[in-house]
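J.: Here you go, one structure.
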Number of protein chains: 2
Amino acid sequence: MSPMDRVYFDHAATTPVREEVLEAMQPYFSEKYGNASSLHSFGQEAREALETSRATVAKLIGANPEEVIFTGSGTESNNTILKGTAFHKKKGHIITSAIEHPCVLNVCKWLETRGFDVTYLPVNNEGIVSPGDFANAFRNDTIIASVMTANNEIGSIQPIEELQKIASEKGVPFHTDAVQGFGKIPLARTDALTVSAHKLYGPKGVGVLCTKGIDFDPLLHGGGHETGRRSGTENVAGAVGFARAAELAFAEMGKEAKRQTALRDQLIDGLLAIDRTHLNGPREKRLPNNVNVWFEFIEGEALVLMLDGEGIAASTGSACSQKELKASHALLALGLEAHQAHGSLRMTIGRPTTEKEVDYALEKIPPVVQRLRKMSPFKKEYAGFGGEK
Amino acid sequence: MSPMDRVYFDHAATTPVREEVLEAMQPYFSEKYGNASSLHSFGQEAREALETSRATVAKLIGANPEEVIFTGSGTESNNTILKGTAFHKKKGHIITSAIEHPCVLNVCKWLETRGFDVTYLPVNNEGIVSPGDFANAFRNDTIIASVMTANNEIGSIQPIEELQKIASEKGVPFHTDAVQGFGKIPLARTDALTVSAHKLYGPKGVGVLCTKGIDFDPLLHGGGHETGRRSGTENVAGAVGFARAAELAFAEMGKEAKRQTALRDQLIDGLLAIDRTHLNGPREKRLPNNVNVWFEFIEGEALVLMLDGEGIAASTGSACSQKELKASHALLALGLEAHQAHGSLRMTIGRPTTEKEVDYALEKIPPVVQRLRKMSPFKKEYAGFGGEK
């Protein structure tokens with residue numbers, strides 16, 4: 001196979017804006033540019049586009065339009081619902097999982113410094129929360145529970161419907177960060193839901209928080225936009241892009257999930273054929289686009305950089321934690337040792353990914369892994385295990 | 001004059017994205033779409049664009065790049081610096097003015113419910129804060145002072161350099177919401193500064209917070225983006241658009257300020273020629289693009305809607321408060337009565353505004369005002385004052 005230009009296996013980090021999405025957004029930059037809160041006709045055409053987008057997103061979620069708030073990101077949605085509920089209640093206990101995205105975990109850690117209690121539920125070795133543990137974690141003063149729909153690093157899918165049922169029985173609002181699952185797998189209806197556009201071929205800088213029946217203080221106070229729940233001039237082009245991206249993703253979900261699952265499994269099988277390589281996360285309850293493996297005697301960051309040299313874009317874990325040298329909290333929560341977590345590689349498939357690209361990756365990765373192992377500080381140990389002499 | 005299609009006199013609410021700005025943003029949607037926090041080449045090209053944009057904005061402000069944080073809006077920037085400082089200090093006193101934007105005032109009101117003290121400085125009848133009052137407001141426990149550069153409703157320009165000097169002498173960080181002034185008038189260097197792209201022919205959904213030497217807790221916790229000060233996947237296209245818009249605005253500032261001031265004065269003089277019409281805000285220390293007048297015996301909202309029927313987009317005050325029927329807090333702070341504030345009209349000029357458009361507005365507005373006055377519930381009173389019989 002001749003070398004390909006560049007292949008992108010990092011769709012969990014971000015995705016390109018689809019042509020249809022950009023096209024839908026285009027008029028709202030320079031033509032229909034009004035402020036959606038203005039009374040005049042420029043404002044009204046912006047308002048109309050915003051409300052149509054809201055209705056589209058609501059319908060896909062199975063919610064009412066008034067439950068949908070547009071935000072600036074998934075991070076903002078998660079910060080809003082967790083801090084907002086906490087500020088509204090003033091004190092209390094929060095339940096979450098040990099493998100949440102940092103924009104849930106770090107919010108919880110910060111809230112702990114403000115007098116709130118947090119339970120971080122463990123996960124099993126496939127990265128899945130036990131409903132029993134979840135049920136047992138509730139206290140009289142629990143104010144909210146938040147467990148992600150699917151993990152951004154290992155793709156494990158949580159039993160959200162069951163968790164929502166338990167939370168409802170306990171009379172506590174349940175929130176799920178569905179950033180990685182939205183548009184890829186069917187979603188359970190929850191009291192609150194976080195989504196982001198840029199993981200779904202929409203633009204960066206737009207998120208959604210969908211809530212019903214939860215009282216929370218706004219994170220962004222101001223002009224009272226989004227019925228007082230999120231102030232700031234409405235990003236009309238962003239909302240339009242979000243709606244179009246979501247609409248397309250939902251329409252293609254079944255077909256794409258099937259196609260991507262096949263590519264995912266081809267990639268997993270091909271990588272596991274490399275000796276001393278292990279799958280992180282579940283084989284079954286896994287996002288259709290997620291591959292995460294650990295290679296013994298490998299330093300993941302070096303691997304990512306060498307693969308980049310071959311034109312293959314992959315990651316060690318989530319993009320936002322790439323700059324830290326800390327081992328992934330999600331992989332550690334699965335029971336991996338730090339050196340195992342450090343030897344891990346995440347490859348995430350997307351709409352544009354082709355079988356040819358998967359073949360290319362599977363041709364290029366094994367020799368790179370072997371080359372790195374030769375240079376490994378663990379080389380001797382590796383030799384002792386029957387590796388390179 | 002033949003009727004024009006539609007003329008837009010609401011540039012303080014929002015502006016169209018300039019062609020050059022949209023062009024600069026375009027590649028970052030679907031081509032250079034990487035996550036700026038990813039290690040691979042897709043990530044690196046996004047990172048490069050982000051950092052170049054940051055450096056551009058910093059240079060225009062006269063700051064170092066590391067002082068500039070990209071946010072999702074001016075509202076977010078204001079919420080971040082005020083709540084962030086408050087949360088970091090845990091208690092204390094805040095100084096602001098009575099005519100701030102709601103995204104400062106409502107943050108302060110909310111912080112009051114959390115145990116913080118706030119002084120809302122009065123303004124004179126031109127909407128300007130007295131440096132003497134400002135200096136007298138400081139207490140031993142003052143943690144931050146925030147006064148806007150220029151008012152969004154009446155265009156009054158504050159003595160920011162003087163206020164910063166006083167705050168520095170008191171050893172208290174000074175912040176200014178410069179959303180309306182940035183790119184229109186030269187700015188004083190302050191400890192912290194808020195700016196928004198969409199008021200400046202950039203995209204909606206992008207703001208900047210520029211700070212130095214202020215410790216604050218992040219408003220958005222998460223993956224640690226923006227050196228831990230603002231988490232959330234970086235909106236690269238937005239940052240690129242912001243930088244390009246700012247660059248162009250600064251390059252044209254002198255020329256545009258002169259041109260818009262002439263149009264502004266033509267509009268003010270033309271409107272004041274209508275009997276029983278008064279200027280709100282200062283004649284001199286006023287943004288080059290702001291016109292705000294009150295018409296006796298007029299209900300502003302009705303005027304805005306009737307002008308919209310003539311193809312003229314104007315507003316009663318800020319876009320975000322249009323849906324409330326409350327009188328403008330800024331106009332009340334000038335000393336106007338509620339009925340005077342309700343009879344006010346804001347018209348804000350922009351780059352695309354032409355003299356022909358001003359002529360058109362001045363041709364159309366007087367008869368609309370007279371028509372409304374005929375229907376006014378104050379009609380009799382008006383007649384008594386020598387108005388319509």
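Labels used: A, B, ... for chains in the order of the structure tokens, numbers from 1 for residues in each chain, and numbers from 1 for ligands as shown.
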Would you pick out the contacts of region 228-241 of chain B at 8 Å or less, using only C-alpha atoms, so that residues sharing its chain but fewer than 4 positions from it are not included, and give the list as a ChimeraX atom specification?

T.: /A:73-76,103,204-205,320 /B:21-22,24-29,35-37,46-47,49-50,53-54,69-71,197,202-203,205-206,217-224,245

J.: Keeping only C-alpha atoms, write those residues as an mmCIF file, in the first residue's frame.

T.:
data_model
loop_
_atom_site.group_PDB
_atom_site.id
_atom_site.type_symbol
_atom_site.label_atom_id
_atom_site.label_comp_id
_atom_site.auth_asym_id
_atom_site.auth_seq_id
_atom_site.Cartn_x
_atom_site.Cartn_y
_atom_site.Cartn_z
ATOM 1 C CA SER A 73 -19.473 23.347 25.297
ATOM 2 C CA GLY A 74 -20.027 19.985 26.939
ATOM 3 C CA THR A 75 -17.690 21.208 29.650
ATOM 4 C CA GLU A 76 -19.958 24.191 30.293
ATOM 5 C CA CYS A 103 -15.035 18.364 33.456
ATOM 6 C CA LYS A 204 -16.555 23.662 18.364
ATOM 7 C CA GLY A 205 -17.920 26.064 20.939
ATOM 8 C CA CYS A 320 -7.294 17.416 27.198
ATOM 9 C CA VAL B 21 -13.135 37.267 9.245
ATOM 10 C CA LEU B 22 -15.303 34.475 7.870
ATOM 11 C CA ALA B 24 -9.971 33.461 8.001
ATOM 12 C CA MET B 25 -12.197 31.131 10.052
ATOM 13 C CA GLN B 26 -13.257 28.919 7.157
ATOM 14 C CA PRO B 27 -10.308 26.441 7.074
ATOM 15 C CA TYR B 28 -10.737 25.656 10.774
ATOM 16 C CA PHE B 29 -14.156 24.063 10.405
ATOM 17 C CA ASN B 35 -8.291 19.416 18.714
ATOM 18 C CA ALA B 36 -5.719 22.009 19.774
ATOM 19 C CA SER B 37 -4.855 19.844 22.769
ATOM 20 C CA ALA B 46 -4.948 23.820 15.427
ATOM 21 C CA ARG B 47 -2.733 24.763 18.365
ATOM 22 C CA ALA B 49 -3.660 28.844 14.858
ATOM 23 C CA LEU B 50 -4.925 29.252 18.403
ATOM 24 C CA SER B 53 -4.628 34.304 17.427
ATOM 25 C CA ARG B 54 -3.843 34.711 21.101
ATOM 26 C CA ILE B 69 -7.786 33.484 27.727
ATOM 27 C CA PHE B 70 -10.364 32.673 25.071
ATOM 28 C CA THR B 71 -13.855 32.185 26.513
ATOM 29 C CA ALA B 197 -15.966 39.087 19.174
ATOM 30 C CA GLY B 202 -16.419 38.602 14.622
ATOM 31 C CA PRO B 203 -18.437 35.446 15.373
ATOM 32 C CA GLY B 205 -19.733 32.496 20.916
ATOM 33 C CA VAL B 206 -16.194 33.818 21.492
ATOM 34 C CA ASP B 217 -10.862 30.020 40.491
ATOM 35 C CA PRO B 218 -11.922 28.827 37.034
ATOM 36 C CA LEU B 219 -15.602 29.108 36.192
ATOM 37 C CA LEU B 220 -15.281 26.103 33.877
ATOM 38 C CA HIS B 221 -13.378 23.240 35.471
ATOM 39 C CA GLY B 222 -12.298 20.347 33.310
ATOM 40 C CA GLY B 223 -9.423 19.303 31.127
ATOM 41 C CA GLY B 224 -7.280 22.257 32.178
ATOM 42 C CA ALA B 245 -11.822 40.927 13.587
#

J.: Using DSSP assignments from the backbone, pull out every residue in region 133-358 of chain A that falls under strand (DSSP E or B) and give it to me as an MDAnalysis selection string.

T.: chainID A and resid 142:146 150 156:157 174:177 192:196 207:211 277:279 286 290:295 312:313 315 344:348

J.: What's the 7 Å shell around region 158-166 of chain B, counting only C-alpha atoms, without same-chain residues fewer than 4 positions away, as a PyMOL selection string?

T.: chain B and resi 128-129+131+135+149-150+170+174+188+190

J.: Please indicate the distance in Å from CA of Thr15 (chain B) to CA of Arg351 (chain B), rounded to one decimal place.

T.: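 CA of Arg351 (chain B) lies 9.1 Å from CA of Thr15 (chain B).
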
J.: Find, counting only C-alpha atoms, the residue in B:Gly127, B:Pro65, B:Gly43, B:Pro367 that gets nearest to Ser97 (chain B).

T.: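 Of B:Gly127, B:Pro65, B:Gly43, B:Pro367, the one nearest Ser97 (chain B), counting only C-alpha atoms, is B:Gly127.
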
J.: I need the residues in region 127-339 of chain B that are helix (DSSP H, G or I) according to DSSP; give them as an MDAnalysis selection string.

T.: chainID B and resid 131:137 160:170 236:272 300:309 319:321 329:333 338:339

J.: Measuring between only C-alpha atoms, which one of A:Val57, A:Ala98, A:Val7, A:Phe216 shows the shortest distance to Asn79 (chain A)?

T.: A:Phe216

J.: Which one is closest to chain B: A:Phe134, A:Phe242, A:Tyr33, A:Phe116? Count only C-alpha atoms.

T.: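 Distance minimum relative to chain B lands on A:Tyr33.
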
J.: Just give me the gap between CA of Asn125 (chain B) and CA of Ser146 (chain B) in Å, one decimal is fine.

T.: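 CA of Ser146 (chain B) lies at a distance of 20.0 Å from CA of Asn125 (chain B).
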
J.: Calculated over only C-alpha atoms, which of the candidates A:Ala178, A:Asp359, A:Ser196, A:Asn140 has the smallest distance to Asp269 (chain A)?

T.: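 Among the listed residues, A:Asp359 lies closest to Asp269 (chain A).
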
J.: May I ask which of the residues A:Gly34, A:Gly92, A:Pro173, A:Gly335 is the closest one to Thr211 (chain A), counting only C-alpha atoms?

T.: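 Selected residue with least distance to Thr211 (chain A): A:Pro173.
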